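What follows is a short report on a single structure.
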Amino acid sequence: MGILGRLSFKDQAFKLREQAVLDATTRMLASKGFDLMTMDDVAGEAGISKPSLYKHFKSKDELATEVMIRLLDDAQDFLARQGSELSPLARLRDLLAWALRVRLAGGLPFLPSTSPQVRAMLTRSLRYVSRAIKLHKMLQGIVEQAKRQGELRADMPTDVILYSYYSRTCDPAVEYLRVYGKYPDEDIVRHMLQVCFDGMSTSHRHIDG
């Protein structure tokens with residue numbers, strides 16, 4: 001039985017409205033950014049009154065933090081659902097493809113590295129920090145396993161690989177390919193994976209995982 005199934009009807013309605021508010025916040029962050037987004041924007045996007053919004057979240061800091069926590073939880077859930085037959089490199093490719101699709105759908109509004117204010121805000125949240133550390137350690141283990149199996153370069157530091165990998169999720173090339181190149185979303189995902197894992201040189205060996 002899911003979480004909603006264990007709640008009263010009133011509590012279920014509250015949780016569903018809360019998820020709708022977080023969905024609206026994500027869209028607002030993607031379209032306006034954290035600095036320009038207001039609580040009025042979120043209330044209007046979610047279709048609820050501002051007093052109702054404040055019953056769920058007290059500030060836009062809290063809203064943005066919860067959006068990022070939900071994103072980290074979704075990433076961990078995606079990793080947990082991956083098939084045991086996948087190689088470490090295939091797991092990394094699949095997770096990046098998932099993240100790019102989420103971003104193209106407007107569900108990946110920003111990363112902490114893009115805003116000092118957002119970064120400072122998130123580091124004050126123990127719930128966010130604990131999830132970020134957990135996800136980082138999970139990915140660190142996958143990268144090190146891929147290096148041991150010869151799928152990734154053993155001479156490259158794990159942190160270099162990981163932070164380069166993270167940067168692909170906020171690469172501005174995604175927007176350029178969509179807006180100026182007029183590429184379909186799935187083609188953008190495919191090309192971004194190729195650049196990340198296979199490089200651009202014809203001498204690079206193609207790896208599917």
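Scheme for the structure tokens: letters A, B, ... for chains in order shown; per-chain residue numbers from 1; ligand numbers from 1 in order shown.
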
Please provide as a ChimeraX atom specification all residues within 12 Å of Ala20 of chain A, with the sequence filter that same-chain residues fewer than 5 positions apart are discarded (counting only C-alpha atoms).
/A:13-15,25-27,42-48,53,56,63,67

Helix (DSSP H, G or I) positions in segment 117-183 of chain A, given as a VMD selection string
chain A and resid 117 to 123 126 to 148 158 to 168 173 to 179

Can you write just those residues out, C-alpha atoms, as a PDB file, in the first residue's frame?
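Below you can see result-v4.pdb, which holds the result:
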```pdb
ATOM      1  CA  GLN A 117      22.128  32.112  -3.111  1.00  0.00           C
ATOM      2  CA  VAL A 118      20.484  28.792  -3.961  1.00  0.00           C
ATOM      3  CA  ARG A 119      23.609  26.890  -2.963  1.00  0.00           C
ATOM      4  CA  ALA A 120      23.715  28.615   0.427  1.00  0.00           C
ATOM      5  CA  MET A 121      19.994  28.020   0.910  1.00  0.00           C
ATOM      6  CA  LEU A 122      20.258  24.309   0.163  1.00  0.00           C
ATOM      7  CA  THR A 123      23.301  23.733   2.352  1.00  0.00           C
ATOM      8  CA  LEU A 126      19.995  18.858   6.434  1.00  0.00           C
ATOM      9  CA  ARG A 127      17.374  16.897   4.484  1.00  0.00           C
ATOM     10  CA  TYR A 128      18.776  18.146   1.187  1.00  0.00           C
ATOM     11  CA  VAL A 129      22.431  17.735   2.170  1.00  0.00           C
ATOM     12  CA  SER A 130      21.942  14.175   3.438  1.00  0.00           C
ATOM     13  CA  ARG A 131      20.228  13.155   0.194  1.00  0.00           C
ATOM     14  CA  ALA A 132      22.858  14.855  -1.957  1.00  0.00           C
ATOM     15  CA  ILE A 133      25.650  13.046  -0.096  1.00  0.00           C
ATOM     16  CA  LYS A 134      23.837   9.711  -0.392  1.00  0.00           C
ATOM     17  CA  LEU A 135      23.312  10.107  -4.150  1.00  0.00           C
ATOM     18  CA  HIS A 136      26.914  11.226  -4.641  1.00  0.00           C
ATOM     19  CA  LYS A 137      28.202   8.147  -2.793  1.00  0.00           C
ATOM     20  CA  MET A 138      25.955   5.864  -4.853  1.00  0.00           C
ATOM     21  CA  LEU A 139      27.290   7.344  -8.085  1.00  0.00           C
ATOM     22  CA  GLN A 140      30.840   7.314  -6.759  1.00  0.00           C
ATOM     23  CA  GLY A 141      30.513   3.562  -6.224  1.00  0.00           C
ATOM     24  CA  ILE A 142      29.172   3.045  -9.744  1.00  0.00           C
ATOM     25  CA  VAL A 143      32.012   5.093 -11.272  1.00  0.00           C
ATOM     26  CA  GLU A 144      34.670   3.198  -9.313  1.00  0.00           C
ATOM     27  CA  GLN A 145      33.129  -0.109 -10.357  1.00  0.00           C
ATOM     28  CA  ALA A 146      33.169   1.038 -13.987  1.00  0.00           C
ATOM     29  CA  LYS A 147      36.848   1.943 -13.640  1.00  0.00           C
ATOM     30  CA  ARG A 148      37.674  -1.475 -12.183  1.00  0.00           C
ATOM     31  CA  THR A 158      36.679   9.740  -9.745  1.00  0.00           C
ATOM     32  CA  ASP A 159      35.730  13.284  -8.718  1.00  0.00           C
ATOM     33  CA  VAL A 160      36.729  14.618 -12.145  1.00  0.00           C
ATOM     34  CA  ILE A 161      34.493  12.047 -13.806  1.00  0.00           C
ATOM     35  CA  LEU A 162      31.590  12.683 -11.428  1.00  0.00           C
ATOM     36  CA  TYR A 163      31.579  16.463 -11.585  1.00  0.00           C
ATOM     37  CA  SER A 164      31.950  16.375 -15.366  1.00  0.00           C
ATOM     38  CA  TYR A 165      29.019  13.960 -15.409  1.00  0.00           C
ATOM     39  CA  TYR A 166      26.913  16.251 -13.218  1.00  0.00           C
ATOM     40  CA  SER A 167      27.680  19.215 -15.478  1.00  0.00           C
ATOM     41  CA  ARG A 168      26.056  17.463 -18.434  1.00  0.00           C
ATOM     42  CA  ALA A 173      24.040  22.910 -25.366  1.00  0.00           C
ATOM     43  CA  VAL A 174      20.676  21.314 -24.567  1.00  0.00           C
ATOM     44  CA  GLU A 175      18.880  24.631 -25.091  1.00  0.00           C
ATOM     45  CA  TYR A 176      20.977  25.514 -28.141  1.00  0.00           C
ATOM     46  CA  LEU A 177      20.139  22.210 -29.808  1.00  0.00           C
ATOM     47  CA  ARG A 178      16.443  22.660 -29.096  1.00  0.00           C
ATOM     48  CA  VAL A 179      16.069  26.368 -29.919  1.00  0.00           C
TER      49      VAL A 179
END
```

Using only C-alpha atoms, pick whichever of A:Arg103, A:Arg153, A:Lys55, A:Lys10 has the shortest atom-to-atom distance to Asp171 of chain A.
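Nearest candidate to Asp171 of chain A out of A:Arg103, A:Arg153, A:Lys55, A:Lys10: A:Arg103.
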
Kindly indicate which residue among A:Ser31, A:Ser125, A:Ser49, A:Gln194 lies nearest to Thr65 of chain A, using only C-alpha atoms for the distances.
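Closest to Thr65 of chain A of all the choices is A:Ser125.
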
Restricting the calculation to only C-alpha atoms: of A:Asp77, A:Asp155, A:Asp94, A:Asp61, which residue gets closest to Met39 of chain A?
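Among A:Asp77, A:Asp155, A:Asp94, A:Asp61, it is A:Asp61 that comes nearest to Met39 of chain A.
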
Calculate how many Å separate atom CA of Glu18 of chain A from atom CA of Phe57 of chain A, rounding to one decimal.
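Result for atom CA of Glu18 of chain A versus atom CA of Phe57 of chain A: 8.7 Å, one decimal.
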
By how many Å are atom CA of Arg93 of chain A and atom CA of Thr202 of chain A apart?
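Between these atoms lies a distance of 19.9 Å.
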
What lies within 8 Å of Ala99 of chain A using only C-alpha atoms, ignoring chain neighbours under 6 positions off, as a list in words?
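Here the qualifying residues turn out to be Ala75, Leu108 and Thr169 of chain A.
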
Please produce a file of the residues just selected, as a PDB file, in the first residue's frame, where the atoms kept are all heavy atoms.
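Final output, saved to selection-v5.pdb:
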```
ATOM      1  N   ALA A  75      15.902  10.671  -8.435  1.00  0.00           N
ATOM      2  CA  ALA A  75      17.135  10.116  -9.004  1.00  0.00           C
ATOM      3  C   ALA A  75      17.527   8.832  -8.287  1.00  0.00           C
ATOM      4  O   ALA A  75      17.918   7.838  -8.928  1.00  0.00           O
ATOM      5  CB  ALA A  75      18.265  11.145  -8.918  1.00  0.00           C
ATOM      6  N   LEU A 108      13.773  19.999 -14.414  1.00  0.00           N
ATOM      7  CA  LEU A 108      15.090  20.176 -13.792  1.00  0.00           C
ATOM      8  C   LEU A 108      15.409  21.666 -13.845  1.00  0.00           C
ATOM      9  O   LEU A 108      16.081  22.136 -14.752  1.00  0.00           O
ATOM     10  CB  LEU A 108      16.144  19.370 -14.548  1.00  0.00           C
ATOM     11  CG  LEU A 108      17.520  19.236 -13.898  1.00  0.00           C
ATOM     12  CD1 LEU A 108      17.435  18.402 -12.627  1.00  0.00           C
ATOM     13  CD2 LEU A 108      18.500  18.570 -14.866  1.00  0.00           C
ATOM     14  N   THR A 169      24.089  17.642 -16.991  1.00  0.00           N
ATOM     15  CA  THR A 169      22.663  17.860 -16.757  1.00  0.00           C
ATOM     16  C   THR A 169      22.282  19.328 -16.902  1.00  0.00           C
ATOM     17  O   THR A 169      21.105  19.639 -17.088  1.00  0.00           O
ATOM     18  CB  THR A 169      22.245  17.359 -15.362  1.00  0.00           C
ATOM     19  OG1 THR A 169      22.911  18.129 -14.353  1.00  0.00           O
ATOM     20  CG2 THR A 169      22.586  15.882 -15.201  1.00  0.00           C
TER      21      THR A 169
END
```

Near-Glu186 of chain A list (10 Å; only C-alpha atoms; drop same-chain fewer than 5 positions) as a list in words:
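With the cut-off at 10 Å, the set is Ala97, Leu100, Arg101, Leu104, His191 and Met192 of chain A.
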